[in-house]
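Some notes on the structure that comes next.
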Amino acid sequence: MNVNQQTHMTSPYGQPQTGFQGYPQPGYGGPHVQGNPASQYGPYNGQLSGYQPVAPPTGPLRGPPTSGTLSSPIAPSSGSQIIYNHYGQGDAQNGPATTAGYMQRPPVSQPYMSTTSQPVNQLPAHQQYGPPATTSSQQLTNQMSGLQITGPPTTTGPLPPGQGFGPPASHPSSSGNFHATTIAYAPYSTANVPQSQFSTANASHPPYSNANASHIPHSNLSQGPPPSGMPQTPAATMGSQGISSTKTAFSGPPPQLYSVPPSGSHSTPPASTGIPPSAFPSSVGSQRPSVMQGPPLPGQTLSGPQVSQPNHIPPSSSQMGISGMSPGPPISGLQGPPAVAPTQQGFPPQQNGSFGQVRGPQPNYSGPYPATPNYGSPVAPPPAPPPQKRLDPDSIPSPQLNEMSSQPKSRHRIDPDAIPSPIQVIEDDRANRSTEPFSTGVRGQVPPLVTTNFVVKDQGNASPRFMRCTAYNMPCTSDMAKQSQVPLAAVIKPLAVLPPEEMPPYILDHGESGPVRCNRCKAYMCPFMQFIEGGRRFQCSFCCCVTEVPPHYFQHLDHTGKRVDYYERPELSMGSYEFLATVDYCKNNKLPEPPAFIFMIDVSYNAVKSGLVNLLCEELKTLLDYLPREGSMEETAIRVGFVTYNKVLHFYNVKSTLAQPQMMVVSDVADMFVPLLDGFLVNVNESRTVINSLLEQIPEMFADTRETETVFGPVIQAGMEALKAAECAGKLFIFHSSLPIAEAPGKLKNRDDRKLINTDKEKTLFQPQCNFYSNLAKECVTQGCCVDLFLFPNQYIDVATLGYIPYHTGGSVYKYTYFQVPADGERFLNDLRRDVQKIVGFDSVMRVRTSTGFRATDFFGTFYMSNTTDVELAGLDCDKTITVEFKHDDKLSEDTGAFIQCALLYTSCSGQRRLRIHNLSLNCCTQLADLYRNCETDTLINFLAKFAFRGVLNNATKTVRDTLISQCAQILACYRKNCASPSSAGQLILPECMKLLPVYLNCLLKSDVLQPGADTTTDDRAYLRQLVTSMDVAETNVFFYPRLVPVHKMDVDSDTVPGAIRDSEERLSKGGMYLLENGLNLFLWTGVNVQQSLLQSIFNLPSFNQIDPNMSALPLLDNPWSKKLRDVIDAFRAQRPRYMKLLIIKQEDKLELLFKHFLVEDKHVNGGASYVDFLCHMHKEIRQLLS
């Protein structure tokens, strides 16, 4: 084959792949299942009163995951530690496990769900998260009924909190060696639950047979008692002492199992982090019904166990143990486990139900299911708890047997410590990956998390600070990519600032000939190019074309085929570097002028009265000394100009030869022009005296203004025309205070209408009002005019329209609602200083090239595109990212891998034209397991957020939410079907590197853009939508899952910050003080019972009641606590691109609702689901897909 031959493309460029779930194909969100009732989430019940945490077990480290291998269960020898299990209702096995009780793996993979007919009240695939409705809360409760969670330990020491571990089971997890997180749900209908769920007497039918698992129908159903024709199962033999109890089957799901392998019980722990399956045993004499039973239809009678049974305890006896508790309404569904069987010598007894909530009688039963009568505080002293941390079986939400409209529903809850914890994952990654430098020399390496501090060594691939991918192992075929539904994307931050210990990219000058490039695809010289024929030619790794090496660039090869100057040339040995561009890369083949900054100040009544104009002019006097400059330059090359405006525009001549500045007014705003050229854009140092004089005079000139109306469009036109006349690129800093309603081009009207929320017209709230601004944005990009907009609104200002030009020119929007100098001045000034000083590339064009087999198809960010390949940015600063999605257009090869090259052409702040190149090589795989093992959840959520926030421009927010849920369910269902070992459908099995996908996705779904609260304004939503679109991965991580730090646990003598805790109200202590940050705000929450000494140290106040919630800064006190907290706050602020305002929140104060909005694991007042509820919802979605 000729190496120059063009590879055949299987699909035309830009054509959407069929079957791809997502924007911009029609049918966003997929088909809605007709005729299914919407299910709503019920509320939490709060913290369990009697939960007794116990020491977690230790266990061996899991071996590396391998696809395709299945671990066989190993029975513990008689001498090994005996393992316990939480058995189903009525079945406690307290003796040594028998070999017969082990799960036997079927010889072939079993189907995951039965293909039985759909049950009557199956929930729809796409579900709205709204406030709970009384009629539909049952379905969620049913769905939550049997969450079971297990997992192998990740460390050899004691288990960290938040991992899904519990008491060891008497059998290993049923999934094989593949590393995953497993969360199992007991099936919701008990028609299929024989009483002796874990019968150890029937060796012929192993209790965990996957043959049974394959017949489990869809289980998010209402409860129904067993059909009358179903025989009751025989007795379960308990332990080795032969104590047996014959009980009839009951209605209610089995309590959850929560097991981990004990220390030393297996040479390799079960590979799926998670939960043993809630599989049903095929006990002797029990038959599985073909469909799950739902609630009785009209005219249908319930059949089941007789109402009065000898082993049912009257309700009063089960409540004896809790003093002062009045008998509540009956609670249907899951009842407590049976009384503890006689314990065996030498083993701690199984304490089924020794902590948890009291059960009332079950509907259709005369009393509660037999259980330990003394739930909360036993009359007799309880035996010592087993030494394993476990999930409380009584905390599972209880399904309802039927609708009880006259009685309030009660819910029990899953232990949140048992589901994957973001905090634990972050801490584990820090512990494992922060000590060694991250070398980029190996292809397809997954970098440490963005929350981990690590040093990067560039050895041929770009640093993850410049480029992060959703997957570091690309599927080889488009079919495989469609099957997995994992988006293949890169989040690129071309001008990212590196920490001091890392070298910035080298700047290379190849003279007048410019950088060496491939003849065909124009890729730049990089470490992936292969030199052949003794170094005289090179083969491009992107298009395989062979190109002659220019004579001046020739170098001999060593014995390995590398050039002998390999380590002397950054473009051959490093992933990121810069070339000085030649005249060929410049506009009109002319080297550019240095850029200019124009400050355009609103001097209408609102801006002057708030103190903004005075504050800004005072700040600019000193800020102009800190304009960006290159390396060793003594002074900045950037020129500056000044404009003030209200209904008309005032230009200022600040030429250095003038004694006083001169004002020129342009009142014809319909036909904007710049009235002066010479003296408008000046060198700061030369015109310093005149500029200072102007900045002193502006507040005085407009101090008594009564002009309330403003223009906006002509202001941008004036700045752009000024840059065009000066033949340079630049940035406009616009300080604006109100909706531009004055007669002028771009005049706007107030269109704020909250009635449009959750309607088909809601999308119009995110779109600009008129075409004027879209046309103006295009002109600005052509001229290289970037716009940064500072807004100071007291009412609706239409951020969606005003922010359109900053959005498309690579600029930023800052918003200070109800601006007051004492409260917001510090934040504004810090934002302004950083914005003026940060590194910016002007008049930029970015192109992403890929090797054959896949291509860049979609781009997200604040930029403009006039064609399908070039991302045009009037300005690109060091905080902005561009997110690129890739699609296959041919097959990829496992051997060669996949290559990405991002090239950014820009003008530096000194006026130099440069090319910055970032290269990244990825692995390719033919096995889905390899794809799932090399994904990055933080980057995936960053991409999904941008995908969704662009989706709301053209779709209803509910459609966007449903699409997100659907896509993530498909990602996890594909993993479950193709990578996890066969196991019960009652398990939710999550890939190890995606186990936080549900919690982060739920945070995204609850964001103000997709699910606004009653107090969220239209402007706030438009502002956040634009803000998130250009965020990097670290910013979206803390934005969607805020960092919550217990201040009262700080070590004042240490430099470290206390470890974060999970974002849930139940993690807060009334005696504590907590600091929460989300990248935009800081909250200091103080509990009512906080120690007086701490209050004195932090606030210099003796009591909680004296704290002023309106204070915007902490007092400067000379004590260790005050200094430490202020240092922590400063450190948090330094990590974020925007200055975070501090809000003081007192417990039970009216502002606490705002703080609780950021406790994202809890249910939200605006209808967002809690983490636990959403996890169950995701499981239901996955099971629907698998069936």
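Residues in the structure tokens are numbered from 1 in each chain, the chains being A, B, ... in the order shown, and ligands are numbered from 1 in the order shown.
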* Which of segment 528-692 of chain A fall in alpha helix (DSSP H), as a PyMOL selection string -> chain A and resi 570-573+605-609+612-623+688-692
Same residues, N, CA, C and O atoms, saved as a compact mmCIF listing (two decimals), in the first residue's frame:
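So the final result, stored in selection-v2.txt, reads:
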```
# COMPACT_ATOMS: atom_id res chain seq x y z
N PRO A 570 13.00 20.45 21.92
CA PRO A 570 11.75 20.23 22.66
C PRO A 570 10.63 19.66 21.79
O PRO A 570 9.81 18.88 22.26
N GLU A 571 10.59 20.04 20.49
CA GLU A 571 9.50 19.55 19.65
C GLU A 571 9.61 18.05 19.35
O GLU A 571 8.65 17.43 18.88
N LEU A 572 10.76 17.45 19.66
CA LEU A 572 10.92 16.01 19.46
C LEU A 572 10.78 15.23 20.76
O LEU A 572 10.56 14.02 20.74
N SER A 573 10.95 15.90 21.88
CA SER A 573 11.01 15.17 23.15
C SER A 573 9.98 15.63 24.18
O SER A 573 9.88 15.03 25.24
N TYR A 605 -26.75 57.16 36.60
CA TYR A 605 -27.10 57.43 38.00
C TYR A 605 -26.80 56.23 38.91
O TYR A 605 -26.20 56.39 39.98
N ASN A 606 -27.21 55.03 38.49
CA ASN A 606 -27.01 53.84 39.33
C ASN A 606 -25.54 53.58 39.62
O ASN A 606 -25.16 53.25 40.74
N ALA A 607 -24.70 53.69 38.60
CA ALA A 607 -23.28 53.39 38.76
C ALA A 607 -22.60 54.41 39.67
O ALA A 607 -21.74 54.06 40.49
N VAL A 608 -22.98 55.68 39.53
CA VAL A 608 -22.35 56.72 40.36
C VAL A 608 -22.83 56.62 41.80
O VAL A 608 -22.04 56.67 42.75
N LYS A 609 -24.15 56.41 41.96
CA LYS A 609 -24.73 56.38 43.31
C LYS A 609 -24.21 55.21 44.14
O LYS A 609 -24.01 55.32 45.36
N LEU A 612 -19.55 52.85 42.59
CA LEU A 612 -18.73 52.08 41.65
C LEU A 612 -17.74 52.97 40.90
O LEU A 612 -16.54 52.64 40.81
N VAL A 613 -18.21 54.10 40.36
CA VAL A 613 -17.35 54.94 39.51
C VAL A 613 -16.17 55.46 40.32
O VAL A 613 -15.01 55.42 39.87
N ASN A 614 -16.41 55.90 41.51
CA ASN A 614 -15.35 56.42 42.37
C ASN A 614 -14.33 55.33 42.70
O ASN A 614 -13.12 55.54 42.61
N LEU A 615 -14.85 54.16 43.10
CA LEU A 615 -13.97 53.04 43.47
C LEU A 615 -13.11 52.61 42.28
O LEU A 615 -11.90 52.38 42.42
N LEU A 616 -13.72 52.51 41.10
CA LEU A 616 -13.02 52.04 39.92
C LEU A 616 -11.92 53.01 39.50
O LEU A 616 -10.77 52.61 39.22
N CYS A 617 -12.24 54.30 39.46
CA CYS A 617 -11.24 55.29 39.04
C CYS A 617 -10.05 55.33 40.00
O CYS A 617 -8.90 55.48 39.58
N GLU A 618 -10.34 55.17 41.28
CA GLU A 618 -9.26 55.15 42.28
C GLU A 618 -8.35 53.94 42.06
O GLU A 618 -7.13 54.04 42.13
N GLU A 619 -8.98 52.79 41.77
CA GLU A 619 -8.22 51.56 41.57
C GLU A 619 -7.37 51.61 40.31
O GLU A 619 -6.22 51.15 40.29
N LEU A 620 -7.91 52.21 39.24
CA LEU A 620 -7.18 52.22 37.96
C LEU A 620 -5.87 53.00 38.05
O LEU A 620 -4.92 52.71 37.32
N LYS A 621 -5.80 53.96 38.94
CA LYS A 621 -4.56 54.73 39.09
C LYS A 621 -3.38 53.82 39.39
O LYS A 621 -2.27 54.03 38.88
N THR A 622 -3.59 52.84 40.24
CA THR A 622 -2.49 51.93 40.59
C THR A 622 -2.46 50.69 39.69
O THR A 622 -1.40 50.16 39.38
N LEU A 623 -3.64 50.25 39.25
CA LEU A 623 -3.71 49.00 38.48
C LEU A 623 -2.98 49.11 37.15
O LEU A 623 -2.43 48.12 36.65
N ARG A 688 1.15 59.20 32.02
CA ARG A 688 0.74 58.93 33.41
C ARG A 688 0.03 60.13 34.06
O ARG A 688 -1.03 60.00 34.67
N THR A 689 0.60 61.32 33.92
CA THR A 689 0.03 62.51 34.59
C THR A 689 -1.36 62.83 34.07
O THR A 689 -2.28 63.11 34.84
N VAL A 690 -1.53 62.77 32.76
CA VAL A 690 -2.82 63.10 32.15
C VAL A 690 -3.87 62.05 32.54
O VAL A 690 -5.03 62.40 32.84
N ILE A 691 -3.46 60.79 32.56
CA ILE A 691 -4.38 59.71 32.92
C ILE A 691 -4.86 59.87 34.37
O ILE A 691 -6.06 59.77 34.66
N ASN A 692 -3.92 60.15 35.27
CA ASN A 692 -4.30 60.34 36.67
C ASN A 692 -5.26 61.51 36.84
O ASN A 692 -6.21 61.46 37.63
```
* Asked: Using only C-alpha atoms, which residues sit within 12 Å of Asp1127 of chain A once same-chain residues fewer than 3 positions away are excluded, as number ranges by chain?
  -> A: 1047, 1050, 1052, 1054-1057, 1114, 1116, 1120-1124, 1130-1134
Kindly export the residues of the current selection with N, CA and C atoms, as a JSON list (two decimals), in the first residue's frame.
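And here's out.json as it stands now:
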```json
[["chain", "number", "residue", "atom", "x", "y", "z"],
["A", 1047, "VAL", "N", -13.85, 23.40, 60.32],
["A", 1047, "VAL", "CA", -12.89, 24.36, 60.85],
["A", 1047, "VAL", "C", -12.50, 24.01, 62.29],
["A", 1050, "MET", "N", -9.36, 21.93, 62.89],
["A", 1050, "MET", "CA", -8.06, 22.38, 62.37],
["A", 1050, "MET", "C", -6.97, 22.19, 63.41],
["A", 1052, "VAL", "N", -3.98, 23.99, 64.52],
["A", 1052, "VAL", "CA", -3.44, 25.35, 64.32],
["A", 1052, "VAL", "C", -1.92, 25.35, 64.23],
["A", 1054, "SER", "N", -0.23, 23.14, 62.46],
["A", 1054, "SER", "CA", 0.18, 22.46, 61.24],
["A", 1054, "SER", "C", -0.13, 23.33, 60.03],
["A", 1055, "ASP", "N", 0.56, 23.06, 58.93],
["A", 1055, "ASP", "CA", 0.29, 23.80, 57.68],
["A", 1055, "ASP", "C", -0.84, 23.17, 56.88],
["A", 1056, "THR", "N", -1.30, 22.00, 57.31],
["A", 1056, "THR", "CA", -2.28, 21.28, 56.51],
["A", 1056, "THR", "C", -3.70, 21.78, 56.79],
["A", 1057, "VAL", "N", -4.56, 21.57, 55.81],
["A", 1057, "VAL", "CA", -5.98, 21.88, 55.95],
["A", 1057, "VAL", "C", -6.68, 20.59, 56.36],
["A", 1114, "LEU", "N", -13.61, 38.40, 58.13],
["A", 1114, "LEU", "CA", -13.33, 38.04, 59.52],
["A", 1114, "LEU", "C", -12.44, 39.11, 60.16],
["A", 1116, "LEU", "N", -9.37, 40.75, 62.07],
["A", 1116, "LEU", "CA", -7.95, 40.38, 62.12],
["A", 1116, "LEU", "C", -7.54, 40.28, 63.58],
["A", 1120, "PRO", "N", -3.83, 32.03, 67.20],
["A", 1120, "PRO", "CA", -3.57, 30.96, 66.22],
["A", 1120, "PRO", "C", -4.82, 30.55, 65.41],
["A", 1121, "TRP", "N", -5.98, 30.49, 66.04],
["A", 1121, "TRP", "CA", -7.19, 30.05, 65.33],
["A", 1121, "TRP", "C", -7.57, 31.05, 64.24],
["A", 1122, "SER", "N", -7.53, 32.32, 64.57],
["A", 1122, "SER", "CA", -7.90, 33.35, 63.59],
["A", 1122, "SER", "C", -6.91, 33.35, 62.41],
["A", 1123, "LYS", "N", -5.63, 33.29, 62.73],
["A", 1123, "LYS", "CA", -4.62, 33.30, 61.67],
["A", 1123, "LYS", "C", -4.76, 32.08, 60.76],
["A", 1124, "LYS", "N", -4.97, 30.92, 61.39],
["A", 1124, "LYS", "CA", -5.08, 29.68, 60.62],
["A", 1124, "LYS", "C", -6.28, 29.72, 59.67],
["A", 1130, "ASP", "N", -7.51, 32.28, 52.48],
["A", 1130, "ASP", "CA", -6.63, 32.86, 51.44],
["A", 1130, "ASP", "C", -6.14, 31.77, 50.48],
["A", 1131, "ALA", "N", -5.83, 30.59, 51.03],
["A", 1131, "ALA", "CA", -5.35, 29.48, 50.18],
["A", 1131, "ALA", "C", -6.44, 29.02, 49.22],
["A", 1132, "PHE", "N", -7.67, 28.93, 49.73],
["A", 1132, "PHE", "CA", -8.79, 28.53, 48.87],
["A", 1132, "PHE", "C", -8.99, 29.56, 47.75],
["A", 1133, "ARG", "N", -8.91, 30.84, 48.12],
["A", 1133, "ARG", "CA", -9.13, 31.89, 47.11],
["A", 1133, "ARG", "C", -8.03, 31.87, 46.05],
["A", 1134, "ALA", "N", -6.81, 31.56, 46.48],
["A", 1134, "ALA", "CA", -5.69, 31.56, 45.53],
["A", 1134, "ALA", "C", -5.83, 30.45, 44.50]]
```
* Asked: Of the candidates A:Cys878, A:Val1028, A:Val1009, A:Lys815, which one gets nearest to Val836 of chain A if we count only C-alpha atoms?
  ->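 For Val836 of chain A, the nearest of the candidates is A:Cys878.
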* **Polymer residues at most 10 Å from segment 781-783 of chain A, only C-alpha atoms, same-chain spacing of 5 or more positions, as a list in words** => Met720, Glu721, Leu723, Lys724, Glu727, Cys728, Ala729, Gly730, Leu776, Ile805, His808, Thr809, Gly810, Phe842, Asp843, Ser844, Phe863, Tyr864, Met865, Glu872, Leu873, Ala874 and Gly875 of chain A
* To do: Tell me which protein, DNA and RNA residues are within 8 Å of His556 of chain A, counting only C-alpha atoms, leaving out same-chain ones fewer than 5 positions away, and put them as a PyMOL selection string.
  => chain A and resi 534-535+563-564
* Distance atom CA of Asp870 of chain A-atom CA of Ser1030 of chain A, one decimal place? ->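 Separating atom CA of Asp870 of chain A from atom CA of Ser1030 of chain A is a distance of 17.0 Å.
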* **Å distance separating atom CA of Ile414 of chain A from atom CA of Met1178 of chain A, one decimal place** => 15.3 Å
Contacts of Arg916 of chain A at 9 Å (only C-alpha atoms; same-chain gap of 5+ positions) as a short mmCIF file (atom, residue, chain, number, x, y, z; two decimals) with all heavy atoms, in the first residue's frame:
```cif
data_model
loop_
_atom_site.label_atom_id
_atom_site.label_comp_id
_atom_site.auth_asym_id
_atom_site.auth_seq_id
_atom_site.Cartn_x
_atom_site.Cartn_y
_atom_site.Cartn_z
N PRO A 494 -5.25 25.74 26.71
CA PRO A 494 -3.97 25.92 26.00
C PRO A 494 -2.98 26.82 26.72
O PRO A 494 -1.77 26.62 26.63
CB PRO A 494 -4.39 26.54 24.67
CG PRO A 494 -5.85 26.23 24.53
CD PRO A 494 -6.39 26.20 25.91
N LEU A 495 -3.45 27.85 27.43
CA LEU A 495 -2.53 28.81 28.05
C LEU A 495 -2.48 28.67 29.57
O LEU A 495 -2.20 29.63 30.29
CB LEU A 495 -2.94 30.25 27.68
CG LEU A 495 -2.87 30.59 26.19
CD1 LEU A 495 -3.36 32.01 25.94
CD2 LEU A 495 -1.46 30.42 25.64
N PRO A 505 6.30 26.06 28.75
CA PRO A 505 6.74 25.53 27.45
C PRO A 505 7.88 26.37 26.86
O PRO A 505 7.88 27.60 26.95
CB PRO A 505 5.48 25.63 26.58
CG PRO A 505 4.34 25.64 27.54
CD PRO A 505 4.84 26.33 28.77
N ILE A 507 10.11 28.25 24.06
CA ILE A 507 9.76 29.01 22.85
C ILE A 507 10.88 28.77 21.83
O ILE A 507 12.05 29.05 22.09
CB ILE A 507 9.63 30.51 23.16
CG1 ILE A 507 8.52 30.74 24.20
CG2 ILE A 507 9.31 31.29 21.89
CD1 ILE A 507 8.41 32.17 24.69
N SER A 576 4.56 19.70 25.05
CA SER A 576 4.10 21.07 24.86
C SER A 576 5.29 21.99 24.61
O SER A 576 6.32 21.87 25.28
CB SER A 576 3.34 21.57 26.10
OG SER A 576 2.23 20.74 26.36
N TYR A 577 5.13 22.91 23.64
CA TYR A 577 6.19 23.85 23.30
C TYR A 577 5.58 24.93 22.42
O TYR A 577 4.43 24.83 22.00
CB TYR A 577 7.34 23.14 22.55
CG TYR A 577 6.85 22.16 21.52
CD1 TYR A 577 6.55 22.56 20.22
CD2 TYR A 577 6.63 20.82 21.85
CE1 TYR A 577 6.06 21.67 19.28
CE2 TYR A 577 6.13 19.93 20.93
CZ TYR A 577 5.85 20.34 19.64
OH TYR A 577 5.35 19.46 18.72
N GLU A 578 6.36 26.00 22.16
CA GLU A 578 5.88 27.10 21.32
C GLU A 578 6.86 27.37 20.20
O GLU A 578 8.07 27.26 20.38
CB GLU A 578 5.69 28.37 22.16
CG GLU A 578 4.53 28.31 23.12
CD GLU A 578 4.12 29.70 23.62
OE1 GLU A 578 4.97 30.60 23.64
OE2 GLU A 578 2.95 29.87 23.97
N PHE A 579 6.33 27.74 19.03
CA PHE A 579 7.14 28.23 17.93
C PHE A 579 6.87 29.73 17.76
O PHE A 579 5.73 30.17 17.90
CB PHE A 579 6.75 27.54 16.62
CG PHE A 579 7.05 26.07 16.56
CD1 PHE A 579 6.01 25.15 16.45
CD2 PHE A 579 8.35 25.60 16.59
CE1 PHE A 579 6.27 23.80 16.38
CE2 PHE A 579 8.61 24.23 16.52
CZ PHE A 579 7.57 23.33 16.41
N LEU A 580 7.90 30.49 17.44
CA LEU A 580 7.67 31.86 16.99
C LEU A 580 7.13 31.76 15.56
O LEU A 580 7.71 31.07 14.72
CB LEU A 580 8.97 32.66 17.01
CG LEU A 580 9.50 33.04 18.39
CD1 LEU A 580 10.74 33.92 18.24
CD2 LEU A 580 8.45 33.77 19.21
N CYS A 902 -3.10 19.76 19.42
CA CYS A 902 -3.81 21.04 19.50
C CYS A 902 -2.81 22.14 19.18
O CYS A 902 -1.76 22.24 19.83
CB CYS A 902 -4.38 21.22 20.90
SG CYS A 902 -4.84 22.91 21.27
N ALA A 903 -3.12 22.95 18.16
CA ALA A 903 -2.24 24.05 17.78
C ALA A 903 -3.00 25.37 17.96
O ALA A 903 -4.08 25.54 17.42
CB ALA A 903 -1.79 23.89 16.33
N LEU A 904 -2.42 26.27 18.76
CA LEU A 904 -3.03 27.58 19.01
C LEU A 904 -2.12 28.66 18.44
O LEU A 904 -0.97 28.80 18.85
CB LEU A 904 -3.22 27.79 20.52
CG LEU A 904 -3.76 29.17 20.90
CD1 LEU A 904 -5.25 29.27 20.63
CD2 LEU A 904 -3.48 29.48 22.37
N LEU A 905 -2.66 29.43 17.49
CA LEU A 905 -1.95 30.57 16.93
C LEU A 905 -2.48 31.82 17.62
O LEU A 905 -3.69 32.05 17.66
CB LEU A 905 -2.21 30.65 15.42
CG LEU A 905 -1.63 31.84 14.67
CD1 LEU A 905 -0.11 31.83 14.71
CD2 LEU A 905 -2.13 31.85 13.23
N TYR A 906 -1.59 32.63 18.22
CA TYR A 906 -2.07 33.80 18.96
C TYR A 906 -1.02 34.90 18.98
O TYR A 906 0.15 34.68 18.66
CB TYR A 906 -2.43 33.41 20.40
CG TYR A 906 -1.25 33.08 21.31
CD1 TYR A 906 -0.75 34.03 22.19
CD2 TYR A 906 -0.64 31.82 21.29
CE1 TYR A 906 0.32 33.74 23.03
CE2 TYR A 906 0.42 31.53 22.12
CZ TYR A 906 0.91 32.49 22.98
OH TYR A 906 1.97 32.21 23.80
#
```
* Find the distance between atom CA of Thr926 of chain A and atom CA of Thr477 of chain A and write it in Å to one decimal. => 7.8 Å
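Using only C-alpha atoms, the residues found no farther than 12 Å from Ile1098 of chain A, other than those of its own chain fewer than 5 positions away, are Val1047, His1048, Met1073, Leu1084, Thr1086, Val1090, Gln1091, Gln1092, Ser1093, Ser1103, Phe1104, Ile1107, Ala1113, Leu1114, Pro1115, Leu1116, Leu1117, Asp1118, Asn1119, Pro1120, Trp1121, Ser1122, Lys1123, Lys1124, Leu1125, Arg1126 and Ile1144 of chain A.
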* To do: With a distance cut-off of 12 Å and only C-alpha atoms, select the neighbouring residues of Asn453 of chain A, excluding the residue or stretch itself and same-chain residues fewer than 3 positions from it, and output the selection as a VMD selection string.
  => chain A and resid 426 to 427 429 to 438 447 to 450 456 465 499 501 1034 1135
